[in-house]
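Chemist: One structure follows; several queries about it will come next.
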Amino acid sequence: MSDGWVDVARTSDIPPGCAARVEIDDTPVAIFNVEGTFYALDDTCSHAEASLSEGDLDADRCVIECPLHGSSFDLRTGEPLSLPAVEPVRVHRVEVTDDGLLRVALADEVTAQ
Ligand code: FES
């Protein structure tokens, strides 16, 4: 039985300051590397159809700016920090294995702590 965790990439595939888009069970997920810490959020902006992995990553503030209308989202919480987006995006769990694999569990599907 699946525990909800899915291998999505190697850590070396996403260097610091970069992002990648993956799909897990048909859900687009954006993965960001902020100075070695990885975050996974819904890739689709909560405002309209835009891919957050194509936005501007502000590593100092741990924020992604949507490429379409410019709303900023906190990578730690998914909360929008500026208009026009008012709804958060989901934040997914990320772990790095000892051999450098990135694993993600969708927020709705975590079954194990
Ligand atoms: S689509 Fe992201 S702010 Fe409008």
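Going through the structure tokens in order, the chains are called A, B, and so on, while each chain numbers its residues from 1 and the ligands are numbered from 1 in the order shown.
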Just want the residues within 12 Å of ligand 1, written as a PyMOL selection string, counting only C-alpha atoms and all ligand atoms.

Modeler: chain A and resi 42-56+64-73+80-89

Chemist: Near segment 4-16 of chain A, counting only C-alpha atoms, which residues have an atom at most 12 Å away, once you skip same-chain residues fewer than 4 positions from it, shown as a ChimeraX atom specification?

Modeler: /A:20-25,28-40,53,57-60,92-113

Chemist: Keeping only N, CA and C atoms, take the residues you just selected and write them out as a short mmCIF file (atom, residue, chain, number, x, y, z; two decimals), in the first residue's frame.

Modeler:
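Result saved to again36.cif:
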data_model
loop_
_atom_site.label_atom_id
_atom_site.label_comp_id
_atom_site.auth_asym_id
_atom_site.auth_seq_id
_atom_site.Cartn_x
_atom_site.Cartn_y
_atom_site.Cartn_z
N ALA A 20 11.15 23.52 -10.21
CA ALA A 20 10.78 22.50 -11.18
C ALA A 20 9.30 22.21 -11.02
N ARG A 21 8.69 21.77 -12.12
CA ARG A 21 7.29 21.39 -12.09
C ARG A 21 7.21 19.89 -12.28
N VAL A 22 6.48 19.22 -11.40
CA VAL A 22 6.28 17.78 -11.54
C VAL A 22 4.78 17.52 -11.45
N GLU A 23 4.39 16.32 -11.83
CA GLU A 23 2.99 15.94 -11.68
C GLU A 23 2.90 14.73 -10.78
N ILE A 24 2.01 14.80 -9.80
CA ILE A 24 1.77 13.68 -8.90
C ILE A 24 0.28 13.39 -8.96
N ASP A 25 -0.07 12.22 -9.46
CA ASP A 25 -1.50 11.86 -9.59
C ASP A 25 -2.29 12.96 -10.31
N PRO A 28 -0.38 19.14 -10.70
CA PRO A 28 0.89 19.84 -10.94
C PRO A 28 1.43 20.40 -9.63
N VAL A 29 2.68 20.09 -9.36
CA VAL A 29 3.33 20.52 -8.12
C VAL A 29 4.61 21.27 -8.47
N ALA A 30 4.79 22.42 -7.84
CA ALA A 30 6.02 23.20 -8.03
C ALA A 30 6.96 22.93 -6.87
N ILE A 31 8.22 22.67 -7.20
CA ILE A 31 9.22 22.42 -6.18
C ILE A 31 10.29 23.51 -6.28
N PHE A 32 10.62 24.08 -5.14
CA PHE A 32 11.57 25.19 -5.10
C PHE A 32 12.73 24.83 -4.18
N ASN A 33 13.92 25.25 -4.60
CA ASN A 33 15.09 25.08 -3.76
C ASN A 33 15.52 26.46 -3.27
N VAL A 34 15.34 26.68 -1.96
CA VAL A 34 15.76 27.94 -1.35
C VAL A 34 16.99 27.65 -0.50
N GLU A 35 18.14 27.91 -1.08
CA GLU A 35 19.42 27.72 -0.38
C GLU A 35 19.52 26.35 0.27
N GLY A 36 19.08 25.33 -0.47
CA GLY A 36 19.22 23.97 0.01
C GLY A 36 18.01 23.41 0.72
N THR A 37 17.03 24.26 1.01
CA THR A 37 15.79 23.78 1.60
C THR A 37 14.73 23.71 0.51
N PHE A 38 14.05 22.58 0.45
CA PHE A 38 13.07 22.37 -0.62
C PHE A 38 11.65 22.59 -0.11
N TYR A 39 10.85 23.21 -0.98
CA TYR A 39 9.43 23.46 -0.70
C TYR A 39 8.62 22.95 -1.88
N ALA A 40 7.43 22.44 -1.60
CA ALA A 40 6.54 21.96 -2.66
C ALA A 40 5.16 22.57 -2.45
N SER A 53 5.84 27.66 -10.77
CA SER A 53 7.25 27.28 -10.97
C SER A 53 7.93 28.14 -12.02
N LEU A 57 11.47 33.64 -8.04
CA LEU A 57 11.72 33.15 -6.69
C LEU A 57 12.53 34.18 -5.92
N ASP A 58 12.00 34.62 -4.78
CA ASP A 58 12.71 35.54 -3.90
C ASP A 58 13.20 34.73 -2.71
N ALA A 59 14.43 34.26 -2.80
CA ALA A 59 14.96 33.36 -1.77
C ALA A 59 15.08 34.07 -0.43
N ASP A 60 15.38 35.35 -0.43
CA ASP A 60 15.56 36.07 0.83
C ASP A 60 14.28 36.11 1.64
N HIS A 92 2.76 21.13 0.16
CA HIS A 92 2.93 19.68 0.26
C HIS A 92 4.20 19.36 1.04
N ARG A 93 4.24 18.15 1.57
CA ARG A 93 5.40 17.76 2.37
C ARG A 93 6.52 17.27 1.47
N VAL A 94 7.74 17.62 1.86
CA VAL A 94 8.93 17.24 1.10
C VAL A 94 9.91 16.57 2.04
N GLU A 95 10.56 15.53 1.56
CA GLU A 95 11.68 14.99 2.31
C GLU A 95 12.80 14.63 1.35
N VAL A 96 14.01 14.64 1.88
CA VAL A 96 15.19 14.28 1.11
C VAL A 96 15.75 13.00 1.70
N THR A 97 15.93 12.00 0.86
CA THR A 97 16.46 10.73 1.36
C THR A 97 17.98 10.81 1.49
N ASP A 98 18.56 9.85 2.18
CA ASP A 98 20.00 9.85 2.38
C ASP A 98 20.77 9.79 1.07
N ASP A 99 20.16 9.20 0.05
CA ASP A 99 20.86 9.13 -1.24
C ASP A 99 20.41 10.22 -2.21
N GLY A 100 19.85 11.30 -1.68
CA GLY A 100 19.65 12.48 -2.51
C GLY A 100 18.40 12.49 -3.36
N LEU A 101 17.42 11.68 -2.99
CA LEU A 101 16.15 11.72 -3.71
C LEU A 101 15.18 12.66 -3.01
N LEU A 102 14.45 13.42 -3.83
CA LEU A 102 13.38 14.28 -3.30
C LEU A 102 12.08 13.52 -3.36
N ARG A 103 11.39 13.48 -2.23
CA ARG A 103 10.10 12.81 -2.18
C ARG A 103 9.05 13.81 -1.73
N VAL A 104 7.87 13.72 -2.32
CA VAL A 104 6.79 14.64 -1.99
C VAL A 104 5.54 13.83 -1.64
N ALA A 105 4.82 14.30 -0.63
CA ALA A 105 3.51 13.74 -0.29
C ALA A 105 2.49 14.86 -0.43
N LEU A 106 1.49 14.65 -1.26
CA LEU A 106 0.45 15.66 -1.43
C LEU A 106 -0.25 15.92 -0.10
N ALA A 107 -0.63 17.18 0.08
CA ALA A 107 -1.18 17.61 1.37
C ALA A 107 -2.38 16.78 1.78
N ASP A 108 -3.18 16.37 0.80
CA ASP A 108 -4.41 15.64 1.12
C ASP A 108 -4.19 14.15 1.34
N GLU A 109 -2.96 13.69 1.08
CA GLU A 109 -2.75 12.26 1.04
C GLU A 109 -1.72 11.76 2.02
N VAL A 110 -1.37 12.58 2.97
CA VAL A 110 -0.38 12.15 3.95
C VAL A 110 -1.05 11.18 4.92
N THR A 111 -0.45 10.00 5.02
CA THR A 111 -1.03 9.01 5.92
C THR A 111 -0.10 8.66 7.06
N ALA A 112 1.15 9.06 6.93
CA ALA A 112 2.12 8.72 7.97
C ALA A 112 2.83 9.97 8.44
N GLN A 113 3.12 10.04 9.70
CA GLN A 113 3.82 11.22 10.25
C GLN A 113 5.31 11.06 10.00
#

Chemist: Could you give me the residues within chain A that DSSP places in strand (DSSP E or B), as an NGL selection string?

Modeler: :A and (5-10 or 19-24 or 27-34 or 37-42 or 44 or 51 or 56-58 or 63-65 or 72-74 or 80 or 91-96 or 101-105)

Chemist: Using C-alpha atoms, can you write the selected residues to a file as an mmCIF file, in the first residue's frame?

Modeler:
data_model
loop_
_atom_site.group_PDB
_atom_site.id
_atom_site.type_symbol
_atom_site.label_atom_id
_atom_site.label_comp_id
_atom_site.auth_asym_id
_atom_site.auth_seq_id
_atom_site.Cartn_x
_atom_site.Cartn_y
_atom_site.Cartn_z
ATOM 1 C CA TRP A 5 5.159 9.627 -0.730
ATOM 2 C CA VAL A 6 6.340 9.849 -4.330
ATOM 3 C CA ASP A 7 9.922 10.143 -5.639
ATOM 4 C CA VAL A 8 9.950 13.192 -7.895
ATOM 5 C CA ALA A 9 13.569 14.155 -8.625
ATOM 6 C CA ARG A 10 17.113 14.113 -7.422
ATOM 7 C CA ALA A 19 12.244 25.515 -9.440
ATOM 8 C CA ALA A 20 10.775 22.500 -11.185
ATOM 9 C CA ARG A 21 7.290 21.391 -12.087
ATOM 10 C CA VAL A 22 6.283 17.780 -11.543
ATOM 11 C CA GLU A 23 2.990 15.939 -11.676
ATOM 12 C CA ILE A 24 1.770 13.679 -8.904
ATOM 13 C CA THR A 27 -1.702 17.297 -9.741
ATOM 14 C CA PRO A 28 0.885 19.838 -10.936
ATOM 15 C CA VAL A 29 3.333 20.523 -8.116
ATOM 16 C CA ALA A 30 6.020 23.198 -8.033
ATOM 17 C CA ILE A 31 9.224 22.416 -6.179
ATOM 18 C CA PHE A 32 11.572 25.193 -5.098
ATOM 19 C CA ASN A 33 15.094 25.080 -3.756
ATOM 20 C CA VAL A 34 15.761 27.945 -1.353
ATOM 21 C CA THR A 37 15.786 23.783 1.598
ATOM 22 C CA PHE A 38 13.072 22.365 -0.621
ATOM 23 C CA TYR A 39 9.435 23.463 -0.699
ATOM 24 C CA ALA A 40 6.538 21.959 -2.656
ATOM 25 C CA LEU A 41 3.343 23.847 -3.439
ATOM 26 C CA ASP A 42 0.493 23.529 -5.876
ATOM 27 C CA THR A 44 -1.282 26.304 -10.305
ATOM 28 C CA SER A 51 2.386 28.045 -13.261
ATOM 29 C CA ASP A 56 10.266 34.794 -9.778
ATOM 30 C CA LEU A 57 11.722 33.151 -6.691
ATOM 31 C CA ASP A 58 12.708 35.543 -3.905
ATOM 32 C CA VAL A 63 8.443 33.862 -1.601
ATOM 33 C CA ILE A 64 7.355 33.016 -5.138
ATOM 34 C CA GLU A 65 5.829 35.690 -7.360
ATOM 35 C CA SER A 72 3.386 36.655 -4.030
ATOM 36 C CA PHE A 73 2.998 33.460 -2.036
ATOM 37 C CA ASP A 74 4.884 32.401 1.076
ATOM 38 C CA PRO A 80 -0.854 34.963 -0.624
ATOM 39 C CA VAL A 91 1.769 23.260 0.646
ATOM 40 C CA HIS A 92 2.934 19.682 0.258
ATOM 41 C CA ARG A 93 5.401 17.760 2.366
ATOM 42 C CA VAL A 94 8.931 17.242 1.097
ATOM 43 C CA GLU A 95 11.683 14.995 2.312
ATOM 44 C CA VAL A 96 15.190 14.281 1.107
ATOM 45 C CA LEU A 101 16.146 11.716 -3.708
ATOM 46 C CA LEU A 102 13.384 14.277 -3.300
ATOM 47 C CA ARG A 103 10.096 12.807 -2.177
ATOM 48 C CA VAL A 104 6.785 14.643 -1.990
ATOM 49 C CA ALA A 105 3.514 13.737 -0.292
#

Chemist: Any chance you could list, as a PyMOL selection string, the residues in segment 3-113 of chain A that come up helix (DSSP H, G or I) when DSSP is run on the backbone?

Modeler: chain A and resi 11-13+52-54+107-109

Chemist: Just the selected residues (C-alpha atoms), exported as a compact mmCIF listing (two decimals), in the first residue's frame, please.

Modeler:
# COMPACT_ATOMS: atom_id res chain seq x y z
CA THR A 11 18.14 17.07 -5.30
CA SER A 12 20.88 17.80 -7.84
CA ASP A 13 18.21 18.30 -10.53
CA LEU A 52 4.10 29.23 -10.09
CA SER A 53 7.25 27.28 -10.97
CA GLU A 54 7.71 29.80 -13.80
CA ALA A 107 -1.18 17.61 1.37
CA ASP A 108 -4.41 15.64 1.12
CA GLU A 109 -2.75 12.26 1.04
